[in-house]
$ cat protein35.txt   # compact mmCIF, C-alpha atoms and all ligand atoms
# COMPACT_ATOMS: atom_id res chain seq x y z
CA ALA A 473 -25.72 20.96 -23.43
CA PRO A 474 -24.08 17.68 -22.26
CA ALA A 475 -20.30 17.64 -22.77
CA LYS A 476 -19.22 15.64 -25.79
CA THR A 477 -16.27 13.25 -25.54
CA GLU A 478 -14.21 15.50 -27.85
CA ASP A 479 -14.69 18.45 -25.51
CA PHE A 480 -13.45 16.40 -22.58
CA VAL A 481 -10.49 14.81 -24.34
CA ALA A 482 -9.40 18.27 -25.49
CA THR A 483 -8.88 19.27 -21.84
CA ILE A 484 -6.54 16.38 -21.00
CA PRO A 485 -2.96 17.59 -20.59
CA ALA A 486 -0.36 16.29 -23.03
CA GLY A 487 2.15 13.65 -21.95
CA VAL A 488 0.01 11.91 -19.31
CA PHE A 489 -2.08 8.76 -19.46
CA ALA A 490 -5.86 9.16 -19.38
CA GLU A 491 -7.34 5.88 -18.08
CA THR A 492 -10.85 4.59 -17.54
CA VAL A 493 -12.17 3.61 -14.11
CA THR A 494 -13.39 -0.02 -14.14
CA SER A 495 -14.62 -0.46 -10.53
CA VAL A 496 -14.99 1.43 -7.27
CA GLN A 497 -15.54 -0.05 -3.80
CA HIS A 498 -16.19 2.05 -0.71
CA TYR A 499 -15.14 0.51 2.61
CA THR A 500 -15.88 3.28 5.12
CA ASP A 501 -16.63 7.01 5.08
CA HIS A 502 -12.88 7.50 4.84
CA LEU A 503 -11.59 4.68 2.64
CA PHE A 504 -12.21 3.38 -0.88
CA ARG A 505 -10.53 1.35 -3.57
CA PHE A 506 -10.70 1.81 -7.32
CA ARG A 507 -9.39 0.00 -10.36
CA MET A 508 -8.69 1.42 -13.79
CA THR A 509 -7.33 0.41 -17.18
CA ARG A 510 -3.57 0.09 -17.50
CA PRO A 511 -1.77 1.68 -20.45
CA GLU A 512 0.04 -0.96 -22.47
CA SER A 513 3.33 0.89 -22.29
CA PHE A 514 3.19 1.44 -18.50
CA ARG A 515 5.72 -0.67 -16.60
CA PHE A 516 6.37 -0.55 -12.84
CA ARG A 517 7.86 -2.65 -10.06
CA SER A 518 5.46 -3.96 -7.42
CA GLY A 519 5.52 -1.54 -4.45
CA GLU A 520 6.13 1.64 -6.50
CA PHE A 521 3.90 4.72 -6.65
CA ALA A 522 2.67 6.93 -9.49
CA MET A 523 1.19 10.43 -9.71
CA ILE A 524 -2.58 10.11 -10.06
CA GLY A 525 -4.78 13.03 -10.99
CA LEU A 526 -8.09 14.46 -12.05
CA MET A 527 -9.08 17.52 -14.00
CA VAL A 528 -10.59 19.88 -11.43
CA GLY A 529 -12.13 22.73 -13.34
CA ASP A 530 -9.66 23.32 -16.15
CA LYS A 531 -6.54 22.23 -14.33
CA PRO A 532 -5.12 18.85 -13.33
CA ILE A 533 -4.48 18.01 -9.65
CA TYR A 534 -2.08 15.17 -8.88
CA ARG A 535 -1.08 13.23 -5.76
CA ALA A 536 1.37 10.37 -5.24
CA TYR A 537 -0.46 7.04 -4.99
CA SER A 538 1.05 3.65 -4.30
CA ILE A 539 -0.01 1.19 -6.95
CA ALA A 540 -1.87 -1.51 -5.00
CA SER A 541 -2.05 -4.03 -7.84
CA PRO A 542 0.90 -6.29 -8.67
CA ALA A 543 3.14 -5.70 -11.71
CA TRP A 544 1.54 -8.61 -13.64
CA ASP A 545 -2.05 -7.33 -13.33
CA GLU A 546 -3.65 -6.01 -16.51
CA GLU A 547 -5.47 -3.32 -14.52
CA LEU A 548 -4.19 -0.80 -11.95
CA GLU A 549 -5.62 -0.67 -8.41
CA PHE A 550 -5.41 2.11 -5.80
CA PHE A 551 -6.51 2.32 -2.15
CA SER A 552 -7.40 5.83 -1.07
CA ILE A 553 -8.52 7.90 1.86
CA LYS A 554 -11.33 10.44 1.44
CA VAL A 555 -10.48 13.82 2.89
CA PRO A 556 -13.60 16.04 2.90
CA ASP A 557 -11.69 19.13 1.74
CA GLY A 558 -8.73 17.27 0.22
CA PRO A 559 -7.70 18.94 -3.06
CA LEU A 560 -7.73 15.61 -4.90
CA THR A 561 -9.60 13.08 -2.76
CA SER A 562 -12.69 15.26 -2.28
CA HIS A 563 -13.16 14.82 -6.06
CA LEU A 564 -11.63 11.38 -6.50
CA GLN A 565 -14.06 9.82 -4.01
CA GLN A 566 -16.89 10.67 -6.46
CA ILE A 567 -15.50 8.66 -9.39
CA LYS A 568 -17.65 6.01 -11.09
CA PRO A 569 -16.84 3.27 -13.62
CA GLY A 570 -16.34 4.89 -17.03
CA ASP A 571 -14.79 8.10 -15.62
CA THR A 572 -11.32 9.24 -16.65
CA VAL A 573 -8.37 9.34 -14.23
CA LEU A 574 -5.00 10.84 -15.19
CA MET A 575 -1.64 9.24 -14.45
CA ARG A 576 1.84 10.64 -15.03
CA LYS A 577 4.10 8.34 -16.99
CA LYS A 578 6.93 7.57 -14.56
CA PRO A 579 6.44 5.38 -11.48
CA THR A 580 8.99 5.48 -8.65
CA GLY A 581 9.49 4.44 -5.02
CA THR A 582 11.66 2.72 -2.43
CA LEU A 583 9.34 -0.09 -1.26
CA VAL A 584 10.67 -2.51 -3.85
CA LEU A 585 12.29 -5.93 -3.49
CA ASP A 586 15.42 -4.64 -5.28
CA ALA A 587 16.15 -2.27 -2.38
CA LEU A 588 16.50 -5.16 0.09
CA THR A 589 19.41 -7.54 0.53
CA PRO A 590 18.48 -11.25 0.50
CA GLY A 591 16.86 -12.59 3.67
CA LYS A 592 14.47 -15.25 4.93
CA GLN A 593 11.59 -13.34 6.49
CA LEU A 594 10.06 -10.13 5.14
CA TYR A 595 8.05 -7.88 7.46
CA MET A 596 5.71 -5.31 5.89
CA PHE A 597 4.58 -2.79 8.52
CA SER A 598 1.60 -0.62 7.56
CA THR A 599 -0.94 1.74 9.09
CA GLY A 600 -4.07 3.00 7.33
CA THR A 601 -3.65 3.34 3.55
CA GLY A 602 0.01 2.44 4.05
CA ILE A 603 -1.09 -1.11 3.20
CA ALA A 604 -1.36 -0.15 -0.51
CA PRO A 605 2.21 -0.88 -1.69
CA PHE A 606 2.04 -4.18 0.21
CA ALA A 607 -1.25 -5.06 -1.50
CA SER A 608 0.89 -5.03 -4.64
CA LEU A 609 3.85 -6.95 -3.20
CA ILE A 610 1.86 -9.72 -1.50
CA ARG A 611 0.28 -10.50 -4.89
CA ASP A 612 3.63 -10.66 -6.69
CA PRO A 613 5.16 -14.16 -7.00
CA GLU A 614 8.66 -12.62 -6.90
CA THR A 615 8.12 -11.74 -3.21
CA TYR A 616 7.76 -15.45 -2.42
CA GLU A 617 10.73 -16.39 -4.58
CA LYS A 618 12.90 -14.08 -2.48
CA PHE A 619 11.47 -14.81 0.99
CA ASP A 620 10.38 -17.96 2.84
CA GLU A 621 7.94 -16.06 5.03
CA VAL A 622 6.10 -12.77 4.53
CA ILE A 623 4.49 -11.07 7.52
CA LEU A 624 2.09 -8.23 6.70
CA THR A 625 1.09 -6.08 9.67
CA HIS A 626 -1.77 -3.61 9.31
CA THR A 627 -2.92 -1.30 12.09
CA CYS A 628 -5.95 0.97 11.87
CA ARG A 629 -8.10 2.88 14.32
CA GLU A 630 -11.23 0.80 13.63
CA VAL A 631 -12.04 -2.76 12.58
CA ALA A 632 -13.93 -1.66 9.42
CA GLU A 633 -10.70 -0.11 8.13
CA LEU A 634 -9.02 -3.52 8.13
CA LYS A 635 -11.45 -4.99 5.58
CA TYR A 636 -9.39 -4.19 2.49
CA GLY A 637 -6.50 -6.20 3.97
CA PHE A 638 -8.69 -9.16 4.91
CA ASP A 639 -10.26 -9.14 1.42
CA LEU A 640 -6.80 -9.18 -0.17
CA VAL A 641 -5.65 -12.19 1.79
CA GLU A 642 -8.93 -13.97 1.00
CA GLU A 643 -8.49 -13.14 -2.69
CA ILE A 644 -4.99 -14.63 -2.66
CA ARG A 645 -6.20 -17.81 -0.95
CA ASN A 646 -8.89 -18.25 -3.62
CA HIS A 647 -6.75 -17.25 -6.58
CA GLU A 648 -6.13 -19.88 -9.21
CA PHE A 649 -2.34 -19.36 -9.44
CA LEU A 650 -1.39 -17.23 -6.45
CA ALA A 651 -2.83 -19.64 -3.89
CA GLU A 652 -0.22 -22.19 -4.88
CA VAL A 653 2.69 -19.74 -5.15
CA VAL A 654 1.90 -18.15 -1.78
CA GLY A 655 0.98 -21.36 0.05
CA ASP A 656 1.35 -20.78 3.78
CA LYS A 657 4.17 -18.23 3.37
CA LEU A 658 1.95 -15.20 3.93
CA ARG A 659 0.88 -14.17 7.44
CA HIS A 660 -1.46 -11.28 8.13
CA TYR A 661 -1.29 -9.57 11.54
CA ALA A 662 -4.07 -7.00 11.85
CA THR A 663 -4.52 -4.78 14.90
CA VAL A 664 -6.75 -1.85 15.87
CA THR A 665 -6.17 0.97 18.33
CA ARG A 666 -9.58 2.48 19.05
CA GLU A 667 -12.01 -0.44 19.17
CA ASP A 668 -12.32 -3.88 20.71
CA PHE A 669 -10.64 -6.56 18.63
CA PRO A 670 -8.67 -9.75 19.39
CA PHE A 671 -5.44 -7.90 18.49
CA GLN A 672 -5.11 -4.38 19.80
CA GLY A 673 -2.43 -1.72 19.89
CA ARG A 674 0.02 0.28 17.80
CA ILE A 675 2.53 -1.92 15.99
CA THR A 676 5.37 0.07 17.56
CA ASP A 677 4.13 -0.83 21.07
CA LEU A 678 3.54 -4.46 20.06
CA ILE A 679 7.13 -4.71 18.79
CA ALA A 680 8.58 -2.94 21.82
CA ASN A 681 6.70 -5.05 24.37
CA GLY A 682 7.24 -8.28 22.43
CA LYS A 683 3.54 -9.05 21.94
CA MET A 684 3.79 -9.12 18.12
CA PHE A 685 6.51 -11.80 18.28
CA ALA A 686 4.55 -13.80 20.86
CA ASP A 687 1.31 -13.57 18.84
CA LEU A 688 3.10 -14.71 15.67
CA GLY A 689 5.24 -17.29 17.45
CA VAL A 690 8.46 -15.93 15.90
CA PRO A 691 11.78 -14.85 17.43
CA ARG A 692 12.70 -11.15 17.77
CA PHE A 693 14.26 -9.34 14.78
CA ASP A 694 17.50 -10.83 13.53
CA PRO A 695 19.43 -8.67 11.03
CA ALA A 696 20.91 -11.80 9.47
CA ILE A 697 17.56 -13.07 8.19
CA ASP A 698 14.84 -10.45 8.76
CA ARG A 699 14.01 -7.68 6.28
CA GLY A 700 11.47 -4.89 6.65
CA MET A 701 9.37 -2.44 4.67
CA ILE A 702 7.46 0.35 6.42
CA CYS A 703 4.59 2.51 5.13
CA GLY A 704 2.54 4.85 7.30
CA SER A 705 2.46 8.36 8.75
CA SER A 706 5.71 10.28 9.33
CA ALA A 707 5.57 9.56 13.07
CA MET A 708 4.89 5.86 12.49
CA LEU A 709 7.81 5.62 10.03
CA LYS A 710 10.18 7.31 12.45
CA GLU A 711 9.24 5.14 15.42
CA THR A 712 9.16 1.83 13.53
CA LYS A 713 12.48 2.65 11.85
CA ALA A 714 14.04 3.32 15.28
CA LEU A 715 12.89 -0.11 16.50
CA LEU A 716 14.44 -1.85 13.48
CA GLU A 717 17.67 0.10 13.89
CA GLN A 718 17.80 -0.84 17.58
CA ALA A 719 17.63 -4.46 16.43
CA GLY A 720 20.64 -3.87 14.15
CA LEU A 721 18.93 -3.48 10.75
CA THR A 722 20.07 -0.67 8.44
CA GLU A 723 18.01 1.37 5.98
CA GLY A 724 18.45 0.70 2.27
CA ALA A 725 17.57 2.38 -1.00
CA ASN A 726 17.34 1.50 -4.68
CA SER A 727 20.98 2.54 -5.12
CA LYS A 728 22.15 0.78 -1.96
CA PRO A 729 20.12 -2.28 -0.91
CA ALA A 730 20.10 -3.03 2.83
CA GLU A 731 17.84 -4.54 5.51
CA PHE A 732 14.80 -2.26 5.50
CA VAL A 733 13.14 0.52 3.48
CA ILE A 734 10.50 3.14 4.31
CA GLU A 735 7.97 5.32 2.50
CA ARG A 736 5.36 7.78 3.70
CA ALA A 737 1.73 6.82 3.10
CA PHE A 738 -0.61 9.09 1.16
CA VAL A 739 -1.75 12.41 2.66
CA ASP A 740 -4.12 14.75 0.78
P1 LIG A 801 -3.74 5.56 17.34
O1 LIG A 801 -5.20 5.30 17.21
O2 LIG A 801 -3.19 5.16 18.67
O3 LIG A 801 -3.36 6.99 16.98
P2 LIG A 801 -3.69 7.66 11.55
O4 LIG A 801 -4.96 7.54 10.80
O5 LIG A 801 -3.70 8.69 12.62
O6 LIG A 801 -2.47 7.71 10.68
O7 LIG A 801 -3.57 6.28 12.35
C1 LIG A 801 -3.60 5.03 11.73
C2 LIG A 801 -3.14 4.01 12.74
O8 LIG A 801 -1.76 4.23 13.02
C3 LIG A 801 -3.88 4.13 14.06
O9 LIG A 801 -4.16 2.84 14.53
C4 LIG A 801 -2.90 4.87 14.93
O10 LIG A 801 -3.00 4.57 16.30
C5 LIG A 801 -1.58 4.35 14.41
N1 LIG A 801 -0.48 5.27 14.69
C6 LIG A 801 -0.53 6.63 14.71
N2 LIG A 801 0.66 7.16 15.00
C7 LIG A 801 1.51 6.12 15.17
C8 LIG A 801 2.89 6.03 15.52
N3 LIG A 801 3.65 7.10 15.74
N4 LIG A 801 3.43 4.79 15.59
C9 LIG A 801 2.68 3.70 15.38
N5 LIG A 801 1.37 3.73 15.07
C10 LIG A 801 0.78 4.92 14.97
$ encode --input "protein35.txt" --output "structure tokens"
Amino acid sequence: APAKTEDFVATIPAGVFAETVTSVQHYTDHLFRFRMTRPESFRFRSGEFAMIGLMVGDKPIYRAYSIASPAWDEELEFFSIKVPDGPLTSHLQQIKPGDTVLMRKKPTGTLVLDALTPGKQLYMFSTGTGIAPFASLIRDPETYEKFDEVILTHTCREVAELKYGFDLVEEIRNHEFLAEVVGDKLRHYATVTREDFPFQGRITDLIANGKMFADLGVPRFDPAIDRGMICGSSAMLKETKALLEQAGLTEGANSKPAEFVIERAFVD
């Protein structure tokens, strides 16, 4: 017999939110985005992550997901990889509008504006799904109140993987209110490493050899005015962090704001 709603609700663990998927968009065989309802009592700061889960059999499986939507949005958005045998993403990639997704109640994270000291220019360095926290921050007016210029870098293996980022920037430019708030303060620097594209190479190499600065027409990092946020694989974090430290920037945290902050991107 088909499961009745009561049967399903009965299996949802206590003390977590159970939200409804509102849209799903697949970008590649490995990447998709979904949006879901936002509980009225759920508050977070743009750039934070939450524990997202699904009931798999009779038990919940959770993973940390950066919230890709800004704090003012009435829905929640997430950008996810699809790992064929990933404990969560092998199931999550099947979701459809109307399905239920679980979320633990407390968001957290270091990629928040509060963890940075005031500056003029904010760099957001991302690889792969590491763009997710920045998808939130570039849509938050507070980012543009605190910084004169925001430079989002996104590096992926293939061009198709950059689409989410290009769509975001396009959405901002066409948005009734954000377009005005953002103006020409947002710059998007997208590069790929395993296909032909006008901009090619790992962001670490492009910083080290100066090409990123030349392409953007900006001076090299200056700890007096430049701030950074980094989200990617462990190796990418380590190498990008070393480049910022070489330039004299120091790592901050919620409890001790400084010149840059880092957070590991999702792995299933
Ligand atoms: P590459 O193709 O040269 O490995 P992944 O999916 O493996 O995390 O890679 C996402 C993107 O991040 C790819 O373009 C990849 O480049 C790049 N990347 C991988 N490792 C590093 C690193 N240590 N520093 C900078 N970029 C990296």
$ atom_distance --input "protein35.txt" --atom1 "atom CA of A:Met523" --atom2 "atom CA of A:Ser538"
8.7 Å
$ residues_near_ligand --input "protein35.txt" --ligand "ligand LIG 801 (chain A)" --cutoff "6 Å" --atoms "all atoms listed in the file" --output "PDB file with C-alpha atoms, keeping the file's coordinate frame"
ATOM      1  CA  THR A 599      -0.940   1.740   9.090  1.00  0.00           C
ATOM      2  CA  GLY A 600      -4.070   3.000   7.330  1.00  0.00           C
ATOM      3  CA  THR A 627      -2.920  -1.300  12.090  1.00  0.00           C
ATOM      4  CA  CYS A 628      -5.950   0.970  11.870  1.00  0.00           C
ATOM      5  CA  ARG A 629      -8.100   2.880  14.320  1.00  0.00           C
ATOM      6  CA  VAL A 664      -6.750  -1.850  15.870  1.00  0.00           C
ATOM      7  CA  THR A 665      -6.170   0.970  18.330  1.00  0.00           C
ATOM      8  CA  ARG A 666      -9.580   2.480  19.050  1.00  0.00           C
ATOM      9  CA  ARG A 674       0.020   0.280  17.800  1.00  0.00           C
ATOM     10  CA  ILE A 675       2.530  -1.920  15.990  1.00  0.00           C
ATOM     11  CA  THR A 676       5.370   0.070  17.560  1.00  0.00           C
ATOM     12  CA  SER A 705       2.460   8.360   8.750  1.00  0.00           C
ATOM     13  CA  ALA A 707       5.570   9.560  13.070  1.00  0.00           C
ATOM     14  CA  MET A 708       4.890   5.860  12.490  1.00  0.00           C
ATOM     15  CA  GLU A 711       9.240   5.140  15.420  1.00  0.00           C
TER      16      GLU A 711
END
$ residues_around --input "protein35.txt" --residues "A:Gln565" --least-positions-apart "2" --cutoff "8 Å" --atoms "only C-alpha atoms" --output "PDB file with C-alpha atoms, in the frame of the given file"
ATOM      1  CA  PHE A 504     -12.210   3.380  -0.880  1.00  0.00           C
ATOM      2  CA  LYS A 554     -11.330  10.440   1.440  1.00  0.00           C
ATOM      3  CA  THR A 561      -9.600  13.080  -2.760  1.00  0.00           C
ATOM      4  CA  SER A 562     -12.690  15.260  -2.280  1.00  0.00           C
ATOM      5  CA  HIS A 563     -13.160  14.820  -6.060  1.00  0.00           C
ATOM      6  CA  ILE A 567     -15.500   8.660  -9.390  1.00  0.00           C
TER       7      ILE A 567
END
$ residues_around --input "protein35.txt" --residues "A:Phe738" --least-positions-apart "2" --cutoff "8 Å" --atoms "all atoms listed in the file" --output "ChimeraX atom specification"
/A:536-538,552,601-602,736,740
$ atom_distance --input "protein35.txt" --atom1 "atom CA of A:Gln497" --atom2 "atom CA of A:Ala651"
23.4 Å
$ residues_near_point --input "protein35.txt" --point "(10.2, -5.4, 3.6)" --cutoff "7 Å" --atoms "all atoms listed in the file" --output "PyMOL selection string"
chain A and resi 594-596+699-702+732-733
$ residues_around --input "protein35.txt" --residues "A:Pro569" --least-positions-apart "4" --cutoff "9 Å" --atoms "only C-alpha atoms" --output "short mmCIF file (atom, residue, chain, number, x, y, z; two decimals) with C-alpha atoms, keeping the file's coordinate frame"
data_model
loop_
_atom_site.label_atom_id
_atom_site.label_comp_id
_atom_site.auth_asym_id
_atom_site.auth_seq_id
_atom_site.Cartn_x
_atom_site.Cartn_y
_atom_site.Cartn_z
CA THR A 492 -10.85 4.59 -17.54
CA VAL A 493 -12.17 3.61 -14.11
CA THR A 494 -13.39 -0.02 -14.14
CA SER A 495 -14.62 -0.46 -10.53
CA VAL A 496 -14.99 1.43 -7.27
CA PHE A 506 -10.70 1.81 -7.32
CA ARG A 507 -9.39 0.00 -10.36
CA MET A 508 -8.69 1.42 -13.79
#
$ closest_residue --input "protein35.txt" --among "A:Glu549, A:Asp698, A:Asp571, A:Glu642" --to "A:Glu731" --atoms "only C-alpha atoms"
A:Asp698
$ atom_distance --input "protein35.txt" --atom1 "atom CA of A:Asp656" --atom2 "atom CA of A:Phe550"
25.7 Å
$ residues_around --input "protein35.txt" --residues "A:Ser598" --least-positions-apart "5" --cutoff "8 Å" --atoms "all atoms listed in the file" --output "list in words"
Ile603, Leu624, Thr625, His626, Thr627, Ile702, Cys703 and Gly704 of chain A
$ closest_residue --input "protein35.txt" --among "A:Leu634, A:Ala737, A:Val654, A:Val622" --to "A:Leu688" --atoms "all atoms listed in the file"
A:Val622
$ closest_residue --input "protein35.txt" --among "A:Leu678, A:Val528, A:Leu709, A:Leu585" --to "A:Ala730" --atoms "all atoms listed in the file"
A:Leu585
$ closest_residue --input "protein35.txt" --among "A:Val653, A:Val555, A:Leu658, A:Ile734" --to "A:Val641" --atoms "all atoms listed in the file"
A:Leu658
$ residues_around --input "protein35.txt" --residues "A:Glu491" --least-positions-apart "5" --cutoff "8 Å" --atoms "only C-alpha atoms" --output "list in words"
Met508, Thr509, Arg510, Pro511, Thr572, Val573, Leu574 and Met575 of chain A
